[in-house]
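Text of the file run36.txt, holding compact mmCIF, C-alpha atoms:
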# COMPACT_ATOMS: atom_id res chain seq x y z
CA MET A 1 40.03 -31.88 30.97
CA MET A 2 38.10 -30.03 28.31
CA ARG A 3 34.62 -28.61 28.66
CA LEU A 4 32.39 -27.80 25.70
CA ARG A 5 28.80 -26.63 25.57
CA LEU A 6 26.20 -28.93 24.10
CA PHE A 7 23.85 -27.41 21.53
CA GLY A 8 20.79 -28.83 19.84
CA ARG A 9 18.63 -27.39 17.11
CA CYS A 10 15.55 -25.46 18.17
CA ARG A 11 12.37 -27.18 17.04
CA ILE A 12 10.91 -23.88 15.86
CA TYR A 13 13.76 -21.91 14.28
CA HIS A 14 16.27 -24.74 13.70
CA ASP A 15 19.13 -22.63 15.10
CA PRO A 16 21.56 -24.03 17.70
CA VAL A 17 20.28 -23.48 21.25
CA SER A 18 21.46 -24.67 24.65
CA PRO A 19 19.79 -24.54 28.07
CA VAL A 20 21.28 -22.40 30.82
CA LEU A 21 20.43 -22.78 34.49
CA ARG A 22 19.99 -19.14 35.45
CA GLU A 23 19.06 -19.84 39.08
CA PRO A 24 19.02 -22.99 41.19
CA ALA A 25 15.68 -24.75 41.57
CA GLN A 26 13.90 -23.82 44.82
CA ILE A 27 12.77 -27.05 46.50
CA GLY A 28 10.13 -26.70 49.19
CA TRP A 29 8.16 -29.31 51.13
CA THR A 30 4.58 -29.98 52.17
CA ALA A 31 3.54 -32.45 54.84
CA TRP A 32 0.27 -34.00 56.05
CA PHE A 33 0.56 -32.90 59.66
CA ARG A 34 2.84 -29.88 59.75
CA GLN A 35 3.98 -26.89 57.79
CA ILE A 36 7.55 -26.86 56.52
CA ASP A 37 8.94 -23.43 55.69
CA LEU A 38 12.31 -24.70 54.57
CA VAL A 39 13.20 -23.98 50.95
CA THR A 40 16.45 -25.40 49.65
CA PRO A 41 18.06 -24.13 46.45
CA ARG A 42 19.27 -27.02 44.36
CA LYS A 43 21.48 -26.83 41.29
CA LEU A 44 20.47 -29.30 38.59
CA LYS A 45 22.95 -31.92 37.45
CA GLY A 46 24.06 -32.13 33.83
CA LYS A 47 21.74 -35.02 33.03
CA GLU A 48 18.81 -33.24 34.68
CA LEU A 49 19.45 -30.07 32.68
CA LEU A 50 19.70 -32.09 29.47
CA GLN A 51 16.28 -33.60 30.21
CA ARG A 52 14.85 -30.05 30.18
CA THR A 53 15.62 -29.84 26.45
CA ARG A 54 12.72 -32.19 25.71
CA GLY A 55 10.35 -30.34 23.41
CA TRP A 56 12.91 -27.62 22.70
CA TRP A 57 15.40 -29.63 20.68
CA THR A 58 14.63 -31.63 17.57
CA VAL A 59 16.02 -34.76 19.21
CA GLU A 60 15.21 -36.69 22.34
CA PRO A 61 17.45 -35.99 25.36
CA ASP A 62 17.59 -39.68 26.34
CA GLU A 63 19.17 -40.53 22.99
CA VAL A 64 21.65 -37.65 23.28
CA GLU A 65 22.60 -38.72 26.80
CA ALA A 66 23.38 -42.25 25.65
CA VAL A 67 25.82 -40.98 23.00
CA VAL A 68 27.42 -38.31 25.21
CA GLU A 69 27.95 -40.56 28.22
CA ALA A 70 29.91 -43.00 26.08
CA HIS A 71 32.59 -40.35 25.43
CA GLY A 72 32.33 -37.80 28.21
CA ARG A 73 30.42 -36.54 31.22
CA LEU A 74 27.44 -34.17 31.29
CA VAL A 75 27.99 -31.28 33.68
CA VAL A 76 26.58 -27.85 34.44
CA GLY A 77 29.12 -25.08 33.88
CA ASP A 78 29.93 -22.24 36.24
CA GLY A 79 27.47 -20.00 34.40
CA GLY A 80 24.76 -22.68 34.40
CA GLU A 81 25.56 -23.89 30.87
CA LEU A 82 24.91 -27.45 29.75
CA MET A 83 28.37 -28.82 29.08
CA VAL A 84 30.20 -32.01 28.28
CA GLU A 85 33.47 -32.73 30.04
CA CYS A 86 35.92 -34.72 27.95
CA SER A 87 39.36 -35.99 28.91
CA ASP A 88 41.07 -34.13 26.05
CA GLY A 89 40.57 -32.67 22.58
CA GLN A 90 40.71 -36.08 20.92
CA ALA A 91 37.88 -37.39 23.10
CA ALA A 92 35.89 -34.27 22.23
CA ALA A 93 36.53 -34.85 18.52
CA ARG A 94 35.39 -38.48 18.89
CA LEU A 95 32.22 -37.34 20.64
CA ALA A 96 31.55 -34.71 17.96
CA ALA A 97 31.93 -37.41 15.31
CA ALA A 98 29.60 -39.77 17.20
CA LEU A 99 26.98 -37.04 17.59
CA SER A 100 27.24 -36.19 13.92
CA GLU A 101 26.90 -39.83 12.94
CA ARG A 102 23.86 -40.39 15.16
CA PHE A 103 22.04 -37.05 14.82
CA GLY A 104 23.48 -35.42 11.69
CA ASP A 105 23.73 -31.67 12.25
CA GLN A 106 21.05 -31.63 14.98
CA VAL A 107 23.40 -31.78 17.99
CA MET A 108 26.80 -30.12 18.22
CA LEU A 109 29.63 -29.23 20.57
CA ALA A 110 30.90 -25.68 20.83
CA PRO A 111 32.96 -23.60 23.25
CA MET B 1 -28.66 -54.32 -6.71
CA ARG B 2 -32.33 -53.35 -6.47
CA ARG B 3 -33.24 -56.80 -5.29
CA ILE B 4 -30.55 -56.72 -2.65
CA PHE B 5 -31.19 -53.23 -1.22
CA ARG B 6 -34.90 -52.79 -0.67
CA GLY B 7 -36.78 -51.59 2.34
CA ASN B 8 -34.88 -52.43 5.51
CA ASP B 9 -31.92 -53.54 3.43
CA ILE B 10 -31.26 -49.92 2.41
CA ASP B 11 -31.22 -48.92 6.05
CA THR B 12 -28.78 -51.74 6.71
CA PHE B 13 -26.61 -50.58 3.80
CA LYS B 14 -26.64 -47.01 5.18
CA GLY B 15 -25.71 -48.35 8.57
CA VAL B 16 -22.81 -50.34 7.16
CA CYS B 17 -21.56 -47.26 5.23
CA TYR B 18 -21.81 -45.16 8.38
CA PHE B 19 -19.90 -47.77 10.36
CA PHE B 20 -17.10 -47.96 7.78
CA SER B 21 -16.82 -44.16 7.52
CA LYS B 22 -16.34 -43.99 11.30
CA LEU B 23 -13.83 -46.82 11.07
CA MET B 24 -11.81 -44.87 8.48
CA ILE B 25 -11.83 -41.76 10.70
CA LEU B 26 -10.62 -43.87 13.63
CA LYS B 27 -7.91 -45.41 11.44
CA ARG B 28 -6.69 -41.94 10.36
CA MET B 29 -6.63 -40.77 13.99
CA LEU B 30 -4.58 -43.81 15.00
CA GLN B 31 -2.17 -43.30 12.09
CA LYS B 32 -1.67 -39.67 13.12
CA GLN B 33 -1.05 -40.67 16.73
CA THR B 34 1.42 -43.34 15.63
CA LEU B 35 3.23 -40.77 13.47
CA TYR B 36 3.59 -38.37 16.36
CA ARG B 37 4.74 -41.08 18.71
CA GLY B 38 7.20 -42.42 16.18
CA GLY B 39 5.56 -45.85 16.14
CA GLY B 40 5.72 -46.45 19.86
CA LYS B 41 8.96 -44.51 20.34
CA THR B 42 9.18 -41.02 21.73
CA VAL B 43 8.67 -38.01 19.46
CA ASN B 44 11.52 -37.20 17.13
CA ALA B 45 10.54 -33.71 16.12
CA ALA B 46 13.13 -33.69 13.34
CA ASN B 47 10.62 -35.82 11.42
CA VAL B 48 7.55 -33.87 12.48
CA ASP B 49 7.73 -30.16 11.67
CA GLU B 50 4.69 -28.60 13.27
CA PHE B 51 5.98 -25.03 12.85
CA GLY B 52 7.03 -25.05 9.20
CA TYR B 53 3.66 -23.77 7.98
CA ASP B 54 4.33 -20.28 9.42
CA PRO B 55 5.95 -17.96 6.82
CA GLY B 56 7.55 -15.82 9.56
CA ILE B 57 9.21 -18.87 11.10
CA ARG B 58 10.30 -20.11 7.67
CA ARG B 59 11.95 -16.74 7.00
CA MET B 60 13.81 -16.73 10.31
CA ARG B 61 14.99 -20.26 9.61
CA ARG B 62 16.47 -19.08 6.32
CA VAL B 63 18.14 -16.12 8.05
CA PHE B 64 19.65 -18.27 10.83
CA SER B 65 20.70 -20.88 8.32
CA GLN B 66 22.53 -18.23 6.25
CA MET B 67 24.21 -16.85 9.37
CA GLU B 68 25.37 -20.32 10.35
CA ALA B 69 26.65 -21.11 6.85
CA VAL B 70 28.64 -17.87 6.65
CA SER B 71 30.16 -18.28 10.12
CA THR B 72 31.03 -21.95 9.49
CA LYS B 73 32.78 -20.98 6.26
CA LEU B 74 34.69 -18.10 7.89
CA ILE B 75 35.88 -20.29 10.77
CA GLY B 76 36.78 -23.14 8.41
CA ASP B 77 38.65 -20.87 5.97
CA ALA B 78 40.63 -19.36 8.85
CA GLY B 79 41.69 -22.85 9.92
CA ILE B 80 40.30 -22.37 13.41
CA SER B 81 39.30 -25.43 15.43
CA PRO B 82 35.56 -25.69 16.16
CA PHE B 83 36.60 -26.09 19.82
CA ASP B 84 38.70 -22.89 19.94
CA PRO B 85 37.67 -21.05 23.15
CA ARG B 86 37.71 -17.71 21.31
CA LEU B 87 34.64 -18.78 19.33
CA ARG B 88 32.34 -18.29 22.28
CA ARG B 89 33.48 -14.68 22.83
CA TRP B 90 33.25 -13.94 19.10
CA ARG B 91 29.75 -15.40 18.81
CA GLU B 92 28.46 -13.51 21.83
CA ALA B 93 29.92 -10.21 20.62
CA ALA B 94 28.82 -10.86 17.03
CA ARG B 95 25.21 -11.37 18.12
CA VAL B 96 25.14 -7.98 19.84
CA LEU B 97 26.82 -6.18 16.94
CA PHE B 98 24.62 -7.94 14.39
CA GLU B 99 21.49 -6.73 16.19
CA ARG B 100 22.85 -3.18 16.12
CA GLY B 101 23.64 -3.52 12.42
CA TRP B 102 20.15 -4.87 11.73
CA ALA B 103 18.65 -1.88 13.58
CA ALA B 104 20.90 0.48 11.57
CA ALA B 105 19.58 -1.12 8.37
CA ASP B 106 16.02 -0.43 9.54
CA ARG B 107 16.86 3.21 10.27
CA ARG B 108 18.31 3.61 6.77
CA ASN B 109 15.26 1.89 5.23
CA LEU B 110 17.60 -0.75 3.91
CA SER B 111 15.58 -3.92 3.66
CA LEU B 112 17.93 -6.89 4.04
CA ALA B 113 17.11 -10.08 2.16
CA ASP B 114 17.54 -13.40 3.99
CA ASP B 115 20.99 -14.07 2.52
CA GLU B 116 22.05 -10.46 3.13
CA ALA B 117 21.44 -10.91 6.86
CA GLY B 118 23.97 -13.72 6.67
CA ILE B 119 26.41 -11.42 4.86
CA LEU B 120 26.00 -8.74 7.54
CA TYR B 121 26.68 -11.35 10.24
CA GLY B 122 29.75 -12.47 8.32
CA PHE B 123 31.16 -8.94 8.20
CA VAL B 124 30.56 -8.53 11.95
CA LEU B 125 32.26 -11.84 12.76
CA LYS B 126 35.11 -11.04 10.39
CA ARG B 127 35.78 -7.74 12.15
CA LEU B 128 35.87 -9.44 15.56
CA MET B 129 38.21 -12.15 14.31
CA GLU B 130 40.51 -9.57 12.72
CA ARG B 131 40.68 -7.69 16.01
CA ASP B 132 41.92 -10.89 17.65
CA GLY B 133 44.70 -11.28 15.15
CA VAL B 134 43.23 -13.61 12.53
CA PRO B 135 44.81 -12.54 9.20
CA GLU B 136 42.40 -10.61 6.97
CA GLU B 137 43.39 -12.49 3.81
CA LYS B 138 41.97 -15.71 5.32
CA LEU B 139 38.59 -14.11 5.97
CA GLN B 140 36.47 -13.85 2.84
CA VAL B 141 32.78 -13.22 3.64
CA ILE B 142 31.51 -13.02 0.08
CA GLY B 143 33.11 -13.29 -3.36
CA ARG B 144 31.47 -10.31 -5.01
CA GLN B 145 32.37 -6.72 -4.13
CA ASP B 146 29.50 -4.61 -5.47
CA ALA B 147 27.76 -1.48 -4.15
CA ARG B 148 25.19 -3.51 -2.24
CA THR B 149 27.85 -5.55 -0.44
CA ARG B 150 29.71 -2.36 0.51
CA GLU B 151 26.44 -0.90 1.78
CA ILE B 152 25.90 -3.96 3.99
CA SER B 153 29.48 -3.92 5.28
CA GLY B 154 28.91 -0.25 6.19
CA LEU B 155 26.23 -1.34 8.65
CA VAL B 156 28.78 -3.01 10.94
CA PRO B 157 28.96 -0.87 14.09
I'd like the structure from this file rewritten - as structure tokens, please.
Amino acid sequence: MMRLRLFGRCRIYHDPVSPVLREPAQIGWTAWFRQIDLVTPRKLKGKELLQRTRGWWTVEPDEVEAVVEAHGRLVVGDGGELMVECSDGQAAARLAAALSERFGDQVMLAP
Amino acid sequence: MRRIFRGNDIDTFKGVCYFFSKLMILKRMLQKQTLYRGGGKTVNAANVDEFGYDPGIRRMRRVFSQMEAVSTKLIGDAGISPFDPRLRRWREAARVLFERGWAAADRRNLSLADDEAGILYGFVLKRLMERDGVPEEKLQVIGRQDARTREISGLVP
């Protein structure tokens, strides 16, 4: 297995940027007839983190997801990084080529 | 024309002109909306650059672009795979050292041009790669070796 971070170009500065989940989302609840104090920390999944790039990257996350999922799996790394898990280096190279073909230099894989 | 537009006819003509002017404004608004929505699709901001008017942003884009070009060339020349795990460590360290070098340039009143920021980044990255055993002869940041280049390379912490 090989994990690489997924970068997209920033809409403002056009440099490669990638989202990082610094802390898990805190999910609380409200109810009609009672108060619920429970707050559950929830780590986002790879696809969910990718969706948070909307408006930050120059490309749409849905389109990126379609290309990535054909060659690998979106995951969140140990440090909260948005990563793609590929079976080996060749699969990673195929994904990099597919991303380049579809998005030019707007989306890239990097360690 | 006189016979056509007299009395109430002139008011009618004005009314028609007013109506068409509003219609044109509406058409322009719809065209703009269609452009931003990509003709019914979601926004592809690569085609809509709403920040490019700002000179400060344009300058930073040039700086980042130069930094990326220099680092891509260095890595390519050294024959290192773009998936080499060392790249992450080098990039993270290079960013910190580059910021220190940029601050040192400010202290010395050395105003770096956009491409010179890229050269400084290249020297920083080169030093980190050399430390990890990449042969120096493979790492050429810039062809020329003049006083200015030496001054920039002297900024590397």
key: atom CA of Cys86 of chain A to atom CA of Leu128 of chain B, distance in Å rounded to a single decimal   = 28.2 Å
Length of the atom CA of Asp106 of chain B to atom CA of Asp132 of chain B vector [Å] =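 Separation between atom CA of Asp106 of chain B and atom CA of Asp132 of chain B: 29.1 Å.
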Using all atoms listed in the file, give me every residue within 12 Å of (44.0, -27.0, 17.3) in file coordinates, as a PDB file with C-alpha atoms, in the frame of the given file.
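Result file is out_2.pdb:
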ATOM      1  CA  ASP A  88      41.070 -34.130  26.050  1.00  0.00           C
ATOM      2  CA  GLY A  89      40.570 -32.670  22.580  1.00  0.00           C
ATOM      3  CA  GLN A  90      40.710 -36.080  20.920  1.00  0.00           C
ATOM      4  CA  ALA A  92      35.890 -34.270  22.230  1.00  0.00           C
ATOM      5  CA  ALA A  93      36.530 -34.850  18.520  1.00  0.00           C
TER       6      ALA A  93
ATOM      7  CA  ALA B  78      40.630 -19.360   8.850  1.00  0.00           C
ATOM      8  CA  GLY B  79      41.690 -22.850   9.920  1.00  0.00           C
ATOM      9  CA  ILE B  80      40.300 -22.370  13.410  1.00  0.00           C
ATOM     10  CA  SER B  81      39.300 -25.430  15.430  1.00  0.00           C
ATOM     11  CA  PRO B  82      35.560 -25.690  16.160  1.00  0.00           C
ATOM     12  CA  PHE B  83      36.600 -26.090  19.820  1.00  0.00           C
ATOM     13  CA  ASP B  84      38.700 -22.890  19.940  1.00  0.00           C
ATOM     14  CA  PRO B  85      37.670 -21.050  23.150  1.00  0.00           C
ATOM     15  CA  ARG B  86      37.710 -17.710  21.310  1.00  0.00           C
TER      16      ARG B  86
END
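Among the candidates A:Met2, A:Leu44, A:Thr58, A:Trp32, the residue lying nearest to Ala91 of chain A is A:Met2 (atoms considered: all atoms listed in the file).
Shortest separation to chain B among A:Ile27, A:Val84, A:Ile36, A:Val59 occurs at residue A:Val59, atoms counted being only C-alpha atoms.
You will find atom CA of Arg107 of chain B at 23.2 Å from atom CA of Lys126 of chain B.
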Give one line per residue of chain A that approaches chain B to at most 9 Å, naming the two atoms of the closest pair and their distance in Å to one decimal, counting all atoms listed in the file; sort by chain then ascending residue number and deliver it as JSON lines.
{"residue": "A:Leu4", "atom": "CA", "partner": "B:Phe83", "partner_atom": "CA", "distance": 7.4}
{"residue": "A:Arg11", "atom": "CA", "partner": "B:Ala45", "partner_atom": "CA", "distance": 6.8}
{"residue": "A:Ile12", "atom": "CA", "partner": "B:Phe51", "partner_atom": "CA", "distance": 5.9}
{"residue": "A:Tyr13", "atom": "CA", "partner": "B:Arg61", "partner_atom": "CA", "distance": 5.1}
{"residue": "A:His14", "atom": "CA", "partner": "B:Arg61", "partner_atom": "CA", "distance": 6.2}
{"residue": "A:Asp15", "atom": "CA", "partner": "B:Phe64", "partner_atom": "CA", "distance": 6.1}
{"residue": "A:Gly55", "atom": "CA", "partner": "B:Ala45", "partner_atom": "CA", "distance": 8.0}
{"residue": "A:Trp57", "atom": "CA", "partner": "B:Ala45", "partner_atom": "CA", "distance": 7.8}
{"residue": "A:Thr58", "atom": "CA", "partner": "B:Ala45", "partner_atom": "CA", "distance": 4.8}
{"residue": "A:Val59", "atom": "CA", "partner": "B:Asn44", "partner_atom": "CA", "distance": 5.5}
{"residue": "A:Glu60", "atom": "CA", "partner": "B:Asn44", "partner_atom": "CA", "distance": 6.4}
{"residue": "A:Gly89", "atom": "CA", "partner": "B:Phe83", "partner_atom": "CA", "distance": 8.2}
{"residue": "A:Ala92", "atom": "CA", "partner": "B:Phe83", "partner_atom": "CA", "distance": 8.6}
{"residue": "A:Ala93", "atom": "CA", "partner": "B:Phe83", "partner_atom": "CA", "distance": 8.9}
{"residue": "A:Gln106", "atom": "CA", "partner": "B:Ala46", "partner_atom": "CA", "distance": 8.3}
{"residue": "A:Leu109", "atom": "CA", "partner": "B:Phe83", "partner_atom": "CA", "distance": 7.7}
{"residue": "A:Ala110", "atom": "CA", "partner": "B:Phe83", "partner_atom": "CA", "distance": 5.8}
{"residue": "A:Pro111", "atom": "CA", "partner": "B:Pro85", "partner_atom": "CA", "distance": 5.4}
query = So which one's closest to Leu112 of chain B, B:Arg148, B:Gly133, B:Ala69, B:Leu97? Using only C-alpha atoms, please.
reply =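 So, comparing all the options, the nearest one is B:Arg148.
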